[in-house]
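See below for final.txt, which holds compact mmCIF, C-alpha atoms.
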# COMPACT_ATOMS: atom_id res chain seq x y z
CA MET A 27 -2.54 70.57 1.81
CA SER A 28 -6.04 71.93 2.23
CA GLU A 29 -6.84 75.65 2.27
CA LEU A 30 -9.52 74.78 4.79
CA ILE A 31 -6.80 74.10 7.37
CA SER A 32 -5.37 77.35 8.74
CA LEU A 33 -2.48 75.62 10.51
CA ASP A 34 0.88 76.34 8.88
CA PRO A 35 1.52 73.69 6.16
CA GLN A 36 4.88 72.71 7.63
CA ALA A 37 3.22 72.18 11.00
CA GLN A 38 0.56 69.99 9.37
CA ALA A 39 3.33 67.86 7.88
CA GLN A 40 5.33 67.73 11.13
CA LEU A 41 2.43 66.64 13.33
CA PHE A 42 0.01 64.84 11.02
CA THR A 43 0.62 64.15 7.35
CA ASP A 44 4.37 63.40 7.07
CA ALA A 45 5.16 62.19 10.61
CA ARG A 46 5.60 58.45 11.06
CA THR A 47 5.88 55.96 13.90
CA ALA A 48 9.61 55.15 14.16
CA ASN A 49 10.90 51.62 14.67
CA THR A 50 14.62 52.46 14.79
CA PHE A 51 16.45 55.39 16.39
CA THR A 52 19.82 57.12 16.12
CA ASP A 53 21.99 57.41 19.22
CA GLU A 54 21.43 61.19 19.36
CA PRO A 55 20.44 61.90 22.96
CA VAL A 56 17.06 63.25 24.06
CA THR A 57 17.67 65.69 26.92
CA ASP A 58 15.68 66.12 30.11
CA ASP A 59 14.97 69.68 28.94
CA GLN A 60 13.37 68.32 25.76
CA LEU A 61 11.17 65.98 27.80
CA ARG A 62 10.09 68.90 29.95
CA ALA A 63 9.32 71.05 26.88
CA ILE A 64 7.13 68.24 25.50
CA PHE A 65 5.23 68.15 28.80
CA ASP A 66 4.84 71.94 28.72
CA LEU A 67 2.96 71.69 25.40
CA ALA A 68 1.00 68.50 26.06
CA LYS A 69 -0.38 69.72 29.38
CA TYR A 70 -2.73 72.30 27.83
CA PRO A 71 -5.40 70.52 25.75
CA PRO A 72 -8.56 69.63 27.66
CA THR A 73 -9.46 66.85 30.08
CA ALA A 74 -12.75 66.30 31.92
CA LEU A 75 -12.82 68.24 35.20
CA ASN A 76 -9.35 69.46 34.16
CA ALA A 77 -8.24 66.33 35.98
CA GLN A 78 -5.08 65.58 33.93
CA PRO A 79 -4.77 61.93 35.03
CA LEU A 80 -1.85 61.08 32.69
CA ARG A 81 1.41 60.14 34.39
CA VAL A 82 4.77 59.49 32.72
CA LEU A 83 7.79 57.40 33.67
CA PHE A 84 10.89 58.01 31.55
CA VAL A 85 13.38 55.16 31.30
CA ARG A 86 16.87 55.56 29.87
CA PRO A 87 19.33 52.78 28.91
CA GLY A 88 20.60 50.94 31.98
CA GLN A 89 19.27 48.50 34.54
CA ALA A 90 15.74 49.96 34.62
CA ARG A 91 15.49 49.75 30.84
CA ASP A 92 16.71 46.14 30.94
CA ARG A 93 13.92 45.34 33.41
CA LEU A 94 11.37 47.08 31.16
CA LEU A 95 12.54 45.15 28.09
CA GLU A 96 11.69 41.87 29.83
CA HIS A 97 8.03 42.84 29.92
CA LEU A 98 7.71 43.86 26.26
CA ALA A 99 6.36 41.62 23.51
CA ASP A 100 9.18 39.86 21.65
CA GLY A 101 8.70 41.98 18.55
CA ASN A 102 9.09 45.22 20.52
CA ARG A 103 12.37 44.51 22.36
CA ALA A 104 14.86 45.20 19.56
CA LYS A 105 13.41 48.59 18.65
CA THR A 106 13.13 49.70 22.26
CA ALA A 107 16.77 48.73 22.80
CA THR A 108 17.77 51.36 20.19
CA ALA A 109 15.72 54.25 21.64
CA PRO A 110 17.58 56.85 23.75
CA VAL A 111 14.56 57.15 26.05
CA VAL A 112 11.37 55.18 26.60
CA ALA A 113 8.20 56.54 28.21
CA VAL A 114 5.76 54.41 30.15
CA LEU A 115 2.45 56.31 29.99
CA ALA A 116 0.08 55.58 32.84
CA THR A 117 -2.86 56.77 34.92
CA ASP A 118 -2.88 57.68 38.56
CA PRO A 119 -5.92 56.12 40.32
CA ASP A 120 -5.56 58.83 42.95
CA PHE A 121 -5.81 61.67 40.43
CA HIS A 122 -8.96 62.90 42.21
CA GLU A 123 -6.86 64.14 45.15
CA PHE A 124 -5.85 67.09 42.93
CA ILE A 125 -9.44 68.09 42.05
CA PRO A 126 -9.80 70.92 44.61
CA ARG A 127 -6.71 72.57 43.10
CA VAL A 128 -7.24 71.88 39.37
CA PHE A 129 -11.06 72.21 39.36
CA PRO A 130 -11.76 74.64 42.20
CA ILE A 131 -15.31 75.36 40.98
CA ARG A 132 -16.38 71.85 42.11
CA PRO A 133 -13.96 70.83 44.89
CA GLU A 134 -16.50 68.35 46.27
CA LEU A 135 -15.89 66.11 43.24
CA ARG A 136 -12.74 64.88 44.94
CA ASP A 137 -14.87 63.02 47.44
CA VAL A 138 -17.55 62.00 44.93
CA LEU A 139 -14.89 60.31 42.80
CA GLY A 140 -13.10 59.04 45.88
CA ALA A 141 -16.23 57.06 46.80
CA ASP A 142 -16.79 55.58 43.31
CA ALA A 143 -13.87 53.45 42.13
CA VAL A 144 -15.59 52.46 38.86
CA ALA A 145 -16.28 56.05 37.77
CA ARG A 146 -12.81 57.05 38.92
CA GLU A 147 -11.07 54.38 36.85
CA GLY A 148 -13.20 55.13 33.79
CA THR A 149 -12.45 58.86 34.03
CA ALA A 150 -8.76 58.16 34.59
CA ARG A 151 -8.39 55.81 31.63
CA PHE A 152 -10.43 57.87 29.17
CA ASN A 153 -8.80 61.19 29.94
CA ALA A 154 -5.25 59.85 30.27
CA THR A 155 -5.71 58.21 26.85
CA LEU A 156 -6.89 61.53 25.37
CA GLN A 157 -3.77 63.09 26.86
CA ILE A 158 -1.61 60.39 25.24
CA GLY A 159 -3.01 61.55 21.89
CA TYR A 160 -1.98 65.14 22.69
CA TRP A 161 1.38 63.98 24.05
CA LEU A 162 2.32 61.93 20.97
CA LEU A 163 1.76 65.02 18.81
CA ALA A 164 3.79 67.11 21.28
CA VAL A 165 6.71 64.67 20.86
CA ARG A 166 6.50 65.36 17.13
CA ALA A 167 6.34 69.10 17.85
CA ALA A 168 9.75 68.73 19.50
CA GLY A 169 11.12 67.36 16.21
CA LEU A 170 11.32 63.84 17.60
CA ALA A 171 9.68 60.61 16.52
CA ALA A 172 7.50 58.51 18.81
CA GLY A 173 7.09 54.75 18.63
CA PRO A 174 4.01 53.71 20.63
CA MET A 175 3.70 50.02 21.57
CA ALA A 176 0.66 48.31 23.03
CA GLY A 177 2.45 44.95 23.16
CA PHE A 178 3.68 44.67 26.75
CA ASP A 179 2.68 42.99 30.01
CA ALA A 180 0.95 45.86 31.82
CA GLU A 181 0.53 43.98 35.09
CA ALA A 182 4.22 43.08 35.22
CA VAL A 183 5.27 46.66 34.34
CA ASP A 184 3.03 48.04 37.10
CA LYS A 185 4.50 45.61 39.62
CA GLU A 186 8.05 46.42 38.53
CA PHE A 187 7.79 50.23 38.39
CA PHE A 188 4.58 51.39 40.07
CA ALA A 189 4.34 49.27 43.23
CA ASP A 190 4.66 52.42 45.36
CA SER A 191 2.63 54.90 43.28
CA GLY A 192 -0.22 52.62 42.19
CA TRP A 193 0.01 54.01 38.64
CA LYS A 194 -1.50 51.79 35.92
CA SER A 195 0.41 51.61 32.64
CA LEU A 196 -1.44 52.22 29.35
CA LEU A 197 1.22 52.47 26.63
CA VAL A 198 4.99 52.26 26.16
CA VAL A 199 6.52 54.79 23.75
CA ASN A 200 10.03 54.94 22.31
CA ILE A 201 11.32 58.47 21.68
CA GLY A 202 14.26 59.66 19.56
CA ARG A 203 15.45 60.66 16.11
CA PRO A 204 14.48 58.15 13.42
CA GLY A 205 17.33 55.78 12.53
CA PRO A 206 18.01 53.84 9.31
CA ASP A 207 14.99 52.09 7.79
CA ALA A 208 12.83 53.55 10.56
CA TRP A 209 9.54 52.63 8.90
CA LEU A 210 7.81 50.61 6.22
CA PRO A 211 5.52 52.29 3.65
CA ARG A 212 2.49 53.90 5.28
CA LEU A 213 -0.50 51.62 5.73
CA PRO A 214 -3.87 52.64 4.24
CA ARG A 215 -6.33 54.86 6.07
CA LEU A 216 -10.08 54.30 6.08
CA ASP A 217 -12.15 56.53 3.81
CA TYR A 218 -14.25 59.39 5.11
CA ASP A 219 -17.49 57.65 4.16
CA GLU A 220 -16.51 54.55 6.13
CA VAL A 221 -15.88 56.53 9.30
CA VAL A 222 -18.22 59.53 9.23
CA ARG A 223 -21.98 59.91 9.08
CA HIS A 224 -24.16 63.00 9.00
CA ALA A 225 -27.42 62.86 10.95
CA ALA A 226 -30.43 63.42 8.71
CA MET B 14 7.81 79.42 23.69
CA SER B 15 10.64 76.97 24.06
CA GLU B 16 13.54 76.70 21.59
CA LEU B 17 13.44 72.98 22.29
CA ILE B 18 10.19 72.78 20.32
CA SER B 19 10.83 72.93 16.59
CA LEU B 20 7.16 73.37 15.72
CA ASP B 21 6.36 76.85 14.42
CA PRO B 22 5.48 79.12 17.41
CA GLN B 23 2.15 80.15 15.91
CA ALA B 24 1.25 76.48 15.45
CA GLN B 25 2.16 75.81 19.10
CA ALA B 26 -0.23 78.57 20.12
CA GLN B 27 -3.01 77.45 17.76
CA LEU B 28 -2.98 73.80 18.86
CA PHE B 29 -1.66 73.80 22.42
CA THR B 30 -0.80 76.91 24.40
CA ASP B 31 -3.41 79.53 23.38
CA ALA B 32 -6.29 77.30 22.25
CA ARG B 33 -9.22 76.96 24.63
CA THR B 34 -12.32 74.83 25.03
CA ALA B 35 -15.21 77.02 23.80
CA ASN B 36 -18.53 77.20 25.63
CA THR B 37 -20.26 79.64 23.25
CA PHE B 38 -20.18 79.86 19.45
CA THR B 39 -20.94 82.41 16.74
CA ASP B 40 -23.46 81.53 14.02
CA GLU B 41 -20.72 81.35 11.37
CA PRO B 42 -21.29 78.05 9.58
CA VAL B 43 -18.89 75.10 9.59
CA THR B 44 -18.97 73.54 6.14
CA ASP B 45 -18.95 69.86 5.19
CA ASP B 46 -15.66 70.55 3.40
CA GLN B 47 -14.14 71.78 6.67
CA LEU B 48 -15.29 68.63 8.46
CA ARG B 49 -13.71 66.52 5.73
CA ALA B 50 -10.42 68.49 5.94
CA ILE B 51 -10.32 67.87 9.72
CA PHE B 52 -10.75 64.14 9.07
CA ASP B 53 -7.99 64.22 6.46
CA LEU B 54 -5.53 65.48 9.08
CA ALA B 55 -6.74 63.45 12.04
CA LYS B 56 -6.64 60.14 10.19
CA TYR B 57 -2.83 59.96 10.07
CA PRO B 58 -1.44 59.64 13.62
CA PRO B 59 -1.00 56.06 14.81
CA THR B 60 -3.39 53.44 16.17
CA ALA B 61 -2.62 49.87 17.22
CA LEU B 62 -2.80 47.50 14.22
CA ASN B 63 -3.62 50.66 12.20
CA ALA B 64 -7.18 49.78 13.20
CA GLN B 65 -8.62 53.35 13.28
CA PRO B 66 -11.70 52.44 15.34
CA LEU B 67 -12.94 56.06 15.76
CA ARG B 68 -16.29 56.83 14.16
CA VAL B 69 -17.96 60.25 13.90
CA LEU B 70 -21.58 61.36 13.64
CA PHE B 71 -22.08 65.03 12.77
CA VAL B 72 -25.31 66.63 13.90
CA ARG B 73 -26.50 70.04 12.68
CA PRO B 74 -29.35 72.16 14.10
CA GLY B 75 -32.72 70.53 13.44
CA GLN B 76 -34.69 67.54 14.66
CA ALA B 77 -31.66 65.29 15.13
CA ARG B 78 -29.92 67.95 17.20
CA ASP B 79 -33.07 68.39 19.30
CA ARG B 80 -33.04 64.65 20.02
CA LEU B 81 -29.35 64.80 20.94
CA LEU B 82 -29.91 67.72 23.32
CA GLU B 83 -32.36 65.61 25.34
CA HIS B 84 -29.56 63.21 26.25
CA LEU B 85 -27.03 65.83 27.37
CA ALA B 86 -26.43 66.82 30.98
CA ASP B 87 -28.42 69.92 31.91
CA GLY B 88 -25.32 72.09 32.01
CA ASN B 89 -24.33 71.15 28.45
CA ARG B 90 -27.60 71.85 26.61
CA ALA B 91 -27.37 75.63 26.29
CA LYS B 92 -23.85 75.64 24.87
CA THR B 93 -24.61 72.83 22.42
CA ALA B 94 -27.68 74.74 21.23
CA THR B 95 -25.36 77.57 20.05
CA ALA B 96 -22.91 75.35 18.12
CA PRO B 97 -23.27 75.19 14.30
CA VAL B 98 -22.32 71.51 14.37
CA VAL B 99 -21.94 68.85 17.04
CA ALA B 100 -19.89 65.65 16.70
CA VAL B 101 -20.71 62.43 18.50
CA LEU B 102 -17.42 60.53 18.66
CA ALA B 103 -17.78 56.78 18.95
CA THR B 104 -16.17 53.37 18.39
CA ASP B 105 -17.24 50.68 15.98
CA PRO B 106 -17.25 47.27 17.73
CA ASP B 107 -16.88 45.72 14.26
CA PHE B 108 -13.71 47.66 13.45
CA HIS B 109 -11.84 44.35 13.12
CA GLU B 110 -13.62 43.62 9.82
CA PHE B 111 -11.29 46.19 8.21
CA ILE B 112 -8.07 44.57 9.51
CA PRO B 113 -7.17 42.62 6.33
CA ARG B 114 -7.23 45.92 4.40
CA VAL B 115 -5.66 48.31 6.94
CA PHE B 116 -3.15 45.85 8.46
CA PRO B 117 -2.43 43.44 5.59
CA ILE B 118 0.71 42.07 7.25
CA ARG B 119 -1.45 40.25 9.85
CA PRO B 120 -4.86 39.66 8.18
CA GLU B 121 -5.59 36.77 10.55
CA LEU B 122 -6.03 39.29 13.40
CA ARG B 123 -9.52 39.99 12.07
CA ASP B 124 -10.59 36.56 13.23
CA VAL B 125 -8.50 36.62 16.42
CA LEU B 126 -10.24 39.83 17.49
CA GLY B 127 -13.57 38.59 16.15
CA ALA B 128 -13.41 35.71 18.62
CA ASP B 129 -12.44 37.85 21.66
CA ALA B 130 -15.06 40.49 22.48
CA VAL B 131 -13.19 41.73 25.57
CA ALA B 132 -9.92 42.35 23.71
CA ARG B 133 -11.86 43.85 20.83
CA GLU B 134 -13.71 46.34 23.02
CA GLY B 135 -10.55 47.31 24.90
CA THR B 136 -8.65 47.90 21.65
CA ALA B 137 -11.58 49.86 20.21
CA ARG B 138 -11.99 52.15 23.23
CA PHE B 139 -8.29 52.81 23.78
CA ASN B 140 -7.44 53.55 20.17
CA ALA B 141 -10.60 55.53 19.40
CA THR B 142 -9.83 57.67 22.45
CA LEU B 143 -6.27 58.26 21.22
CA GLN B 144 -7.80 59.31 17.91
CA ILE B 145 -10.12 61.74 19.71
CA GLY B 146 -6.98 63.41 21.09
CA TYR B 147 -5.60 63.77 17.55
CA TRP B 148 -9.00 64.86 16.23
CA LEU B 149 -9.51 67.63 18.81
CA LEU B 150 -6.15 69.14 17.77
CA ALA B 151 -7.14 68.76 14.10
CA VAL B 152 -10.29 70.82 14.79
CA ARG B 153 -8.01 73.53 16.15
CA ALA B 154 -5.78 73.17 13.07
CA ALA B 155 -8.83 74.16 11.00
CA GLY B 156 -9.05 77.41 12.97
CA LEU B 157 -12.10 76.22 14.87
CA ALA B 158 -12.76 75.72 18.56
CA ALA B 159 -13.87 72.40 20.04
CA GLY B 160 -16.02 71.99 23.13
CA PRO B 161 -15.77 68.38 24.36
CA MET B 162 -18.44 67.18 26.81
CA ALA B 163 -18.40 63.95 28.80
CA GLY B 164 -21.73 64.79 30.44
CA PHE B 165 -24.30 62.86 28.37
CA ASP B 166 -26.30 59.62 28.54
CA ALA B 167 -24.21 57.36 26.30
CA GLU B 168 -26.67 54.49 26.37
CA ALA B 169 -29.54 56.74 25.28
CA VAL B 170 -27.44 58.36 22.54
CA ASP B 171 -26.43 54.94 21.21
CA LYS B 172 -30.06 53.81 21.17
CA GLU B 173 -31.16 57.02 19.45
CA PHE B 174 -28.45 57.26 16.78
CA PHE B 175 -26.53 53.98 16.56
CA ALA B 176 -29.23 51.29 16.76
CA ASP B 177 -28.33 50.14 13.24
CA SER B 178 -24.53 50.55 13.30
CA GLY B 179 -23.82 49.34 16.83
CA TRP B 180 -21.42 52.24 17.38
CA LYS B 181 -20.70 53.14 21.01
CA SER B 182 -20.47 56.84 21.86
CA LEU B 183 -17.48 58.14 23.82
CA LEU B 184 -17.66 61.94 23.70
CA VAL B 185 -19.84 64.77 22.36
CA VAL B 186 -17.99 67.77 20.93
CA ASN B 187 -19.33 71.17 19.88
CA ILE B 188 -17.50 72.76 16.95
CA GLY B 189 -17.51 76.35 15.71
CA ARG B 190 -16.00 79.80 16.07
CA PRO B 191 -15.82 81.00 19.69
CA GLY B 192 -18.67 83.36 20.58
CA PRO B 193 -18.89 86.07 23.27
CA ASP B 194 -17.52 85.09 26.68
CA ALA B 195 -16.53 81.71 25.25
CA TRP B 196 -14.43 80.72 28.24
CA LEU B 197 -13.47 81.43 31.83
CA PRO B 198 -9.82 82.01 32.83
CA ARG B 199 -7.69 78.92 32.25
CA LEU B 200 -7.59 76.43 35.10
CA PRO B 201 -4.23 75.43 36.60
CA ARG B 202 -2.14 72.60 35.18
CA LEU B 203 -0.27 70.09 37.31
CA ASP B 204 3.47 70.60 37.67
CA TYR B 205 6.02 68.46 35.85
CA ASP B 206 7.24 66.92 39.08
CA GLU B 207 3.71 65.85 40.02
CA VAL B 208 3.18 64.03 36.76
CA VAL B 209 6.59 62.78 35.60
CA ARG B 210 9.17 60.45 37.11
CA HIS B 211 12.53 59.30 35.83
CA ALA B 212 13.53 55.69 36.51
CA ALA B 213 16.73 55.44 38.50
Entire entry expressed as structure tokens:
Amino acid sequence: MSELISLDPQAQAQLFTDARTANTFTDEPVTDDQLRAIFDLAKYPPTALNAQPLRVLFVRPGQARDRLLEHLADGNRAKTATAPVVAVLATDPDFHEFIPRVFPIRPELRDVLGADAVAREGTARFNATLQIGYWLLAVRAAGLAAGPMAGFDAEAVDKEFFADSGWKSLLVVNIGRPGPDAWLPRLPRLDYDEVVRHAA
Amino acid sequence: MSELISLDPQAQAQLFTDARTANTFTDEPVTDDQLRAIFDLAKYPPTALNAQPLRVLFVRPGQARDRLLEHLADGNRAKTATAPVVAVLATDPDFHEFIPRVFPIRPELRDVLGADAVAREGTARFNATLQIGYWLLAVRAAGLAAGPMAGFDAEAVDKEFFADSGWKSLLVVNIGRPGPDAWLPRLPRLDYDEVVRHAA
């Protein structure tokens, strides 16, 4: 633990240094109230224009989960089948309709974005992905483990679950308490000097 | 504060509920050791294939900062001029060269990604953006405020600073201690029921 980090050491461990991506889960339930508490933390960190384009579909065991499993990569089905709840994280291409309310200092940006589908999609994807970063740490803040999975058929998931809303899926995340053998040893991280430069 | 969140209440406030995007900064320095400590937290949360495609250029006041200011949107120049350090957050299109070391269970993915520029760029952008989410919260964990800005000329910044590395800039972020009148009142957040659905 570094003295240069003022965050409580236990919080550092819970969110960053000790937390791991879980591949198995216990059958301990995750309640709707817990999911709402996670949202109530994750909603605060910043997005451009305060646009908050992240959308979330929660899927519990049952027919909907069975349909979701069909669209996951083979290697992701078994672990998802053990999770008490699965989140499909997505963007809403119509996020700009909320601009006058969430960014009242520039209400005209609703129509500017409404007329530019390329800028709108770029803003939606970038900022929803930022929010996924916040949200994954908020899951950990609730004492739960997250298991993000990029291996799924996004087009099929969108057709199956978002035909009415137009949402576009970005990531599927298992949520629960870590089960037996939930992870392998941690993989190596890149060194500071490989990732960071200082401008002369 | 919710009892459903096990994270220490002060940590919740520091990272999520009380933290704000700063628009002014004091002249208190941010040290290289602080920047390294932020990296040492932010490096841990997950990326696909453990690929860690985020790259960071730190720019301090001086000629390099003056060149960066030229490429910022008009409304972002004054606040950046008060920040003791500015980060240009970027992706490395050659991130796949590290795969055999960071994801040794599938070393062949270096060459799979090497042969597919579209998949490579999508993986780089998505995962670097996730890492920006982690990294912004790690800045707050160091007791500092971040001021992310999407308003800049990415192509010009890449030409100015990344001609040799090929990095692609995603976001510019001011870092420091909040100065006088660092923020306006917080803007509204969307409601849970506007953002979240539960599959039937």
What lies within 7 Å of stretch 192-207 of chain A using all atoms listed in the file, ignoring chain neighbours under 4 positions off, as JSON, numbers by chain? {"A": [48, 50, 51, 52, 54, 56, 106, 109, 110, 111, 112, 113, 114, 115, 116, 117, 118, 119, 170, 171, 172, 173, 174, 175, 176, 180, 184, 188]}
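Minimum atom-to-atom distance to chain B, evaluated using all atoms listed in the file, belongs to A:Pro72 out of A:Pro72, A:Gly101, A:Pro133, A:Pro211.
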Report, in Å with one decimal, the straight-line distance from atom CA of A:Leu213 to atom CA of B:Arg119.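 Pair atom CA of A:Leu213 / atom CA of B:Arg119 returns 12.1 Å.
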Box for stretch 37-42 of chain B - axis-aligned, 4 Å on each of the six sides, all listed atoms - centre and size in Å to one decimal, as lines of an AutoDock Vina configuration file.
center_x = -21.8
center_y = 80.2
center_z = 16.4
size_x = 11.3
size_y = 12.4
size_z = 21.7
Quick one: which residues from chain A are at most 7 Å off chain B, using all atoms listed in the file, as a PyMOL selection string? chain A and resi 28+30-34+37+42-43+47+60+63+67-72+74+81-85+90+128-129+152+155-160+167-169+176+213-215+221-226
Between atom CA of B:Ala169 and atom CA of B:Pro74 - distance in Å to one decimal: 19.0 Å
